[in-house]
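Enquirer: Please find my_file.cif (mmCIF, C-alpha atoms) on the next line:
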data_query
#
loop_
_atom_site.label_atom_id
_atom_site.label_comp_id
_atom_site.auth_asym_id
_atom_site.auth_seq_id
_atom_site.Cartn_x
_atom_site.Cartn_y
_atom_site.Cartn_z
CA MET K 1 157.68 191.95 124.97
CA TRP K 2 161.23 192.37 126.23
CA ARG K 3 160.33 195.72 127.74
CA VAL K 4 157.33 194.21 129.49
CA ALA K 5 159.46 191.33 130.78
CA ALA K 6 162.15 193.75 131.99
CA PHE K 7 159.50 195.85 133.76
CA VAL K 8 158.07 192.78 135.49
CA VAL K 9 161.54 191.66 136.58
CA ARG K 10 162.38 195.11 137.99
CA THR K 11 159.05 195.26 139.78
CA LEU K 12 159.47 191.82 141.31
CA ARG K 13 163.03 192.62 142.37
CA GLY K 14 161.93 195.89 143.99
CA GLU K 15 159.06 194.23 145.82
CA TRP K 16 161.30 191.39 146.98
CA GLN K 17 163.70 193.96 148.40
CA GLY K 18 161.04 196.09 150.10
CA ILE K 19 158.63 193.39 151.31
CA VAL K 20 161.02 190.52 152.11
CA VAL K 21 164.70 191.45 152.28
CA ASP K 22 164.46 194.67 154.30
CA PRO K 23 162.03 193.24 156.91
CA VAL K 24 164.20 190.13 157.31
CA ARG K 25 167.21 192.35 157.95
CA GLN K 26 165.24 194.26 160.56
CA LEU K 27 164.22 191.00 162.18
CA ARG K 28 167.82 189.75 162.32
CA ARG K 29 168.95 193.02 163.85
CA ARG K 30 166.14 193.45 166.39
CA GLY K 31 165.25 189.81 167.12
CA LEU K 32 161.87 188.27 167.96
CA PRO K 33 160.81 191.16 170.26
CA ALA K 34 160.33 193.13 167.04
CA LEU K 35 157.31 190.89 166.30
CA PHE K 36 155.47 191.62 169.54
CA LEU K 37 152.29 192.85 167.85
CA ALA K 38 152.25 189.94 165.41
CA PHE K 39 152.47 187.37 168.20
CA LEU K 40 149.92 189.29 170.28
CA ALA K 41 147.42 189.37 167.40
CA ALA K 42 147.83 185.67 166.59
CA PHE K 43 147.63 184.50 170.20
CA GLY K 44 144.70 186.86 170.82
CA VAL K 45 142.66 185.24 168.06
CA ILE K 46 143.58 181.76 169.29
CA PHE K 47 142.64 182.69 172.87
CA PHE K 48 139.23 184.15 172.01
CA HIS K 49 138.50 181.26 169.65
CA ALA K 50 139.23 178.74 172.40
CA LEU K 51 137.24 180.78 174.92
CA ALA K 52 134.19 180.91 172.65
CA GLN K 53 133.99 177.12 172.44
CA ARG K 54 132.24 176.97 175.85
CA PRO K 55 128.81 178.52 176.51
CA THR K 56 130.03 180.76 179.31
CA GLY K 57 133.09 181.78 177.32
CA ALA K 58 130.95 182.59 174.29
CA VAL K 59 128.92 185.01 176.41
CA VAL K 60 132.11 186.66 177.69
CA VAL K 61 133.47 187.00 174.16
CA ARG K 62 130.21 188.51 172.96
CA LEU K 63 130.14 191.04 175.79
CA LEU K 64 133.77 192.04 175.30
CA GLY K 65 134.12 192.08 171.53
CA GLY K 66 130.76 191.39 169.90
CA VAL K 67 130.11 194.31 167.54
CA LYS K 68 126.82 194.70 165.66
CA GLY K 69 125.39 197.47 163.56
CA ASP K 70 122.44 198.07 165.86
CA LEU K 71 124.51 198.56 169.02
CA PRO K 72 124.73 202.03 170.55
CA LEU K 73 127.67 203.85 169.03
CA TRP K 74 129.55 204.25 172.30
CA LEU K 75 129.31 200.53 173.01
CA ALA K 76 130.43 199.59 169.48
CA LEU K 77 133.44 201.89 169.81
CA LEU K 78 134.27 200.37 173.19
CA ARG K 79 134.17 196.82 171.81
CA THR K 80 135.90 197.48 168.48
CA PRO K 81 139.53 197.04 169.72
CA VAL K 82 138.67 193.63 171.19
CA SER K 83 136.63 192.66 168.12
CA LEU K 84 139.87 192.50 166.12
CA TYR K 85 140.76 189.35 168.07
CA VAL K 86 137.32 187.72 167.90
CA PRO K 87 137.24 185.36 164.89
CA ALA K 88 134.46 185.84 162.37
CA LEU K 89 131.86 183.08 162.46
CA ASP K 90 131.93 182.35 158.72
CA LEU K 91 135.71 182.28 158.23
CA PRO K 92 138.20 179.51 159.11
CA VAL K 93 140.26 180.52 162.14
CA TRP K 94 143.46 178.62 161.55
CA ALA K 95 143.72 179.53 157.88
CA GLY K 96 143.43 183.22 158.69
CA ILE K 97 146.04 183.24 161.45
CA THR K 98 148.88 182.89 158.91
CA SER K 99 147.84 185.98 156.95
CA LEU K 100 147.14 187.80 160.21
CA PHE K 101 150.61 187.07 161.60
CA LEU K 102 152.31 187.93 158.30
CA ALA K 103 150.46 191.25 157.92
CA PHE K 104 151.26 192.40 161.45
CA ALA K 105 154.84 191.12 161.29
CA LEU K 106 155.64 192.95 158.04
CA ALA K 107 153.91 196.11 159.19
CA GLU K 108 155.66 196.10 162.55
CA LEU K 109 159.08 195.66 160.94
CA ILE K 110 158.51 198.23 158.18
CA LEU K 111 156.21 200.80 159.78
CA GLY K 112 156.86 200.41 163.49
CA ARG K 113 154.41 199.51 166.25
CA ALA K 114 152.63 202.84 166.59
CA ARG K 115 151.75 203.17 162.91
CA THR K 116 150.84 199.48 162.67
CA LEU K 117 148.35 199.87 165.50
CA PHE K 118 146.96 203.05 163.99
CA ILE K 119 146.44 201.58 160.50
CA SER K 120 144.92 198.34 161.78
CA TYR K 121 142.50 200.13 164.10
CA ALA K 122 141.62 202.90 161.62
CA THR K 123 140.72 200.47 158.84
CA THR K 124 138.66 198.31 161.18
CA LEU K 125 136.88 201.30 162.69
CA ALA K 126 136.13 202.74 159.25
CA GLY K 127 134.35 199.54 158.28
CA THR K 128 132.37 199.47 161.51
CA LEU K 129 131.22 203.08 161.14
CA MET K 130 130.41 202.85 157.43
CA VAL K 131 128.19 199.82 158.02
CA ARG K 132 126.11 201.94 160.40
CA VAL K 133 125.83 204.62 157.71
CA MET K 134 124.71 202.04 155.14
CA ILE K 135 122.10 200.67 157.53
CA ALA K 136 120.87 204.18 158.23
CA LEU K 137 120.46 204.77 154.47
CA GLY K 138 118.38 201.63 154.11
CA PRO K 139 117.83 199.51 150.98
CA GLY K 140 118.36 201.19 147.67
CA TRP K 141 120.76 204.08 147.03
CA GLY K 142 122.29 202.24 144.10
CA GLY K 143 123.09 199.20 146.22
CA LEU K 144 124.96 201.26 148.83
CA GLY K 145 122.32 201.01 151.55
CA LEU K 146 121.70 197.94 153.68
CA PRO K 147 118.50 196.56 155.25
CA ARG K 148 118.12 197.01 159.00
CA GLY K 149 118.34 193.25 159.53
CA VAL K 150 122.06 193.47 158.82
CA GLY K 151 122.38 195.26 162.14
CA GLN K 152 121.86 191.91 163.88
CA VAL K 153 124.83 190.29 162.12
CA LEU K 154 127.91 189.81 164.29
CA ASP K 155 130.69 191.95 162.83
CA THR K 156 134.03 190.75 164.20
CA GLY K 157 137.40 189.50 163.04
CA PRO K 158 140.80 190.93 162.02
CA SER K 159 140.29 190.57 158.26
CA ALA K 160 139.69 194.29 157.69
CA ALA K 161 142.88 195.13 159.59
CA VAL K 162 144.84 192.53 157.60
CA VAL K 163 143.57 193.86 154.27
CA GLY K 164 144.24 197.43 155.38
CA LEU K 165 147.81 196.69 156.46
CA PHE K 166 148.69 194.85 153.24
CA THR K 167 147.18 197.65 151.14
CA TYR K 168 149.03 200.36 153.07
CA LEU K 169 152.32 198.47 152.85
CA SER K 170 151.94 197.86 149.12
CA ILE K 171 151.59 201.61 148.50
CA VAL K 172 154.35 202.96 150.76
CA GLN K 173 156.73 200.19 149.61
CA ARG K 174 155.86 200.61 145.90
CA ALA K 175 154.60 197.04 145.52
CA PRO K 176 151.86 196.91 142.84
CA ILE K 177 151.85 193.12 142.69
CA VAL K 178 151.19 192.85 146.42
CA PHE K 179 148.46 195.46 146.02
CA ALA K 180 146.83 193.44 143.25
CA LEU K 181 146.94 190.26 145.32
CA THR K 182 145.47 191.94 148.43
CA GLY K 183 143.43 195.05 147.68
CA GLY K 184 142.56 193.91 144.16
CA SER K 185 141.43 190.50 145.37
CA MET K 186 139.16 192.17 147.94
CA VAL K 187 137.51 194.20 145.18
CA TRP K 188 136.89 191.01 143.21
CA GLU K 189 135.58 189.26 146.32
CA SER K 190 133.09 192.04 147.03
CA ILE K 191 131.79 191.76 143.45
CA ALA K 192 131.62 187.97 143.43
CA VAL K 193 130.19 187.65 146.96
CA PRO K 194 128.35 190.89 147.83
CA ASN K 195 128.08 190.39 151.59
CA LEU K 196 128.81 192.51 154.66
CA ALA K 197 132.41 191.31 154.95
CA GLY K 198 133.09 192.18 151.32
CA ARG K 199 131.86 195.72 151.83
CA GLU K 200 133.96 196.18 154.93
CA HIS K 201 137.01 194.91 153.07
CA LEU K 202 136.41 197.49 150.35
CA ILE K 203 136.13 200.20 152.98
CA ALA K 204 139.36 198.99 154.59
CA VAL K 205 141.15 199.10 151.22
CA GLY K 206 139.89 202.61 150.52
CA THR K 207 140.84 203.85 153.99
CA ALA K 208 144.33 202.37 153.71
CA ILE K 209 144.82 203.98 150.28
CA VAL K 210 143.85 207.41 151.62
CA LEU K 211 146.14 207.08 154.66
CA ALA K 212 149.04 205.88 152.51
CA LEU K 213 148.63 208.74 150.05
CA PHE K 214 148.59 211.25 152.90
CA HIS K 215 151.77 209.66 154.24
CA GLU K 216 153.46 209.86 150.84
CA ARG K 217 152.38 213.48 150.40
CA GLY K 218 153.73 214.39 153.82
CA ARG K 219 157.01 212.64 153.09
CA ARG K 220 157.45 214.56 149.82
CA ARG K 221 156.71 217.86 151.57
CA ALA K 222 159.12 217.23 154.44
CA PRO K 223 161.42 220.30 154.58
CA ALA K 224 165.14 219.86 154.10
CA TRP K 225 167.16 220.56 157.22
CA PRO K 226 169.24 223.74 157.00
CA LEU K 227 173.01 223.68 156.80
CA LEU K 228 174.79 225.02 159.85
CA PRO K 229 178.47 225.81 160.22
CA VAL K 230 180.66 223.29 161.99
CA ARG K 231 183.89 224.00 163.80
CA ARG K 232 187.03 222.07 163.03
CA ALA K 233 190.03 221.83 165.25
CA GLU K 234 193.15 223.27 163.64
CA SER K 235 196.77 223.33 164.54
CA PRO K 236 197.81 226.01 167.08
CA GLY K 237 198.45 229.34 165.47
CA ALA K 238 196.35 228.53 162.40
CA GLY K 239 193.09 229.94 163.71
CA ALA K 240 191.96 226.91 165.74
CA GLY K 241 188.31 226.95 166.60
CA ARG K 242 187.35 229.35 163.80
CA PRO K 243 184.87 227.97 161.23
CA ARG K 244 185.80 227.98 157.59
CA PRO K 245 183.26 229.50 155.18
CA ASP K 246 182.87 226.27 153.24
CA ASP K 247 182.53 223.96 156.25
CA HIS K 248 178.90 222.96 156.75
CA VAL K 249 176.98 220.03 158.08
CA ALA K 250 173.36 219.04 157.64
CA VAL K 251 171.30 218.88 160.80
CA GLY K 252 169.30 215.63 161.10
#
Let me see the structure of the file written as structure tokens.

Expert:
Amino acid sequence: MWRVAAFVVRTLRGEWQGIVVDPVRQLRRRGLPALFLAFLAAFGVIFFHALAQRPTGAVVVRLLGGVKGDLPLWLALLRTPVSLYVPALDLPVWAGITSLFLAFALAELILGRARTLFISYATTLAGTLMVRVMIALGPGWGGLGLPRGVGQVLDTGPSAAVVGLFTYLSIVQRAPIVFALTGGSMVWESIAVPNLAGREHLIAVGTAIVLALFHERGRRRAPAWPLLPVRRAESPGAGAGRPRPDDHVAVG
């Protein structure tokens, strides 16, 4: 029992350092501009939610970010980036903004903007494309296929990106508890409520796991920089400017 308790304490301490302490230090050093993507995502959802409250605005939102499984592929791909900011119809908007802001804020501070954008878009796009494959398979296939009527369901919202970011962060930051609370909860949700959103969340979790494992593999295989000689200034007459055999410096 003591070993289990010690393991839990070490794990919690490591996750606190990697998920809370280090990002807060980055935020203090870089300031609020470091959270540009987080604010953009939160305000984007608020904007499209407010716009959709009027009939004309709802049409605009649907034309810009309304993604469905029966849309032509080129049109679905064109609308997918905007669909991240269009709230899902069956999910509370204001409750989801907190998790949305937190996911993008942590990812932006830990991963950087470019990788945050890539992970969020890749996990969302994977869900969108896999739904089309499931519809094409049709009912059956061990529960993998979906009926064609699902193609009429509006498929929007940032939840897949949020789940994907939390899953990716939990792997690269060695945070199993965060993984259990995010990716693990999505697995349980898909079993308890087997709907379209649950399947897309599972796809987002799987995509994030694959991307994180590729990242970890690439980091382990990164070659060590070679050692090159460095010149040291010496006193006149003592061979100034000549490198010593044991003087080296690592490049990088």

Enquirer: When the PyMOL selection byres ((chain K and resi 82) around 9) is applied to the file above, which residues end up in the set, as a CSV table (one decimal) with C-alpha atoms, in the frame of the given file?

Expert:
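Saved as expr.csv:
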chain,number,residue,atom,x,y,z
K,61,VAL,CA,133.5,187.0,174.2
K,64,LEU,CA,133.8,192.0,175.3
K,65,GLY,CA,134.1,192.1,171.5
K,66,GLY,CA,130.8,191.4,169.9
K,78,LEU,CA,134.3,200.4,173.2
K,79,ARG,CA,134.2,196.8,171.8
K,80,THR,CA,135.9,197.5,168.5
K,81,PRO,CA,139.5,197.0,169.7
K,83,SER,CA,136.6,192.7,168.1
K,84,LEU,CA,139.9,192.5,166.1
K,85,TYR,CA,140.8,189.4,168.1
K,86,VAL,CA,137.3,187.7,167.9
K,156,THR,CA,134.0,190.8,164.2

Enquirer: Find the residues around range 157-169 of chain K up to 6 Å (only C-alpha atoms counted), leave out those fewer than 2 positions away in its own chain, and share them as a short mmCIF file (atom, residue, chain, number, x, y, z; two decimals) with C-alpha atoms, in the frame of the given file.

Expert:
data_model
loop_
_atom_site.label_atom_id
_atom_site.label_comp_id
_atom_site.auth_asym_id
_atom_site.auth_seq_id
_atom_site.Cartn_x
_atom_site.Cartn_y
_atom_site.Cartn_z
CA LEU K 84 139.87 192.50 166.12
CA VAL K 86 137.32 187.72 167.90
CA PRO K 87 137.24 185.36 164.89
CA ALA K 88 134.46 185.84 162.37
CA LEU K 100 147.14 187.80 160.21
CA ALA K 103 150.46 191.25 157.92
CA SER K 120 144.92 198.34 161.78
CA THR K 123 140.72 200.47 158.84
CA THR K 124 138.66 198.31 161.18
CA ILE K 171 151.59 201.61 148.50
CA VAL K 172 154.35 202.96 150.76
CA GLN K 173 156.73 200.19 149.61
CA PHE K 179 148.46 195.46 146.02
CA GLY K 183 143.43 195.05 147.68
CA HIS K 201 137.01 194.91 153.07
CA ALA K 204 139.36 198.99 154.59
CA VAL K 205 141.15 199.10 151.22
CA ALA K 208 144.33 202.37 153.71
CA ALA K 212 149.04 205.88 152.51
#

Enquirer: Would you translate the PyMOL selection byres ((chain K and resi 175) around 9) into the concrete set of residues it matches in this file, as a ChimeraX atom specification?

Expert: /K:11-12,14-16,18-19,169-174,176-180

Enquirer: What is the distance, in Å and to one decimal place, between CA of Trp188 in chain K and CA of Phe101 in chain K?

Expert: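 That distance, rounded to one decimal, is 23.3 Å.
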
Enquirer: Using CA of Arg199 in chain K and CA of Arg115 in chain K as the two end points, give the distance in Å to one decimal.

Expert: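 So the two atoms, CA of Arg199 in chain K and CA of Arg115 in chain K, lie 24.0 Å apart.
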
Enquirer: Measure the distance from CA of Gly149 in chain K to CA of Leu71 in chain K in Å and round it to one decimal.

Expert: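 Taking CA of Gly149 in chain K as the start and CA of Leu71 in chain K as the end point, the length is 12.5 Å.
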
Enquirer: Counting all atoms listed in the file, which residue out of K:Trp74, K:Phe7, K:Trp94, K:Phe104 sits closest to Phe39 in chain K?

Expert: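 Selected residue with least distance to Phe39 in chain K: K:Phe104.
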
Enquirer: Counting all atoms listed in the file, figure out which residue out of K:Ile203, K:Val210, K:Leu125, K:Ile110 gets nearest to Leu35 in chain K.

Expert: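 So, comparing all the options, the nearest one is K:Ile110.
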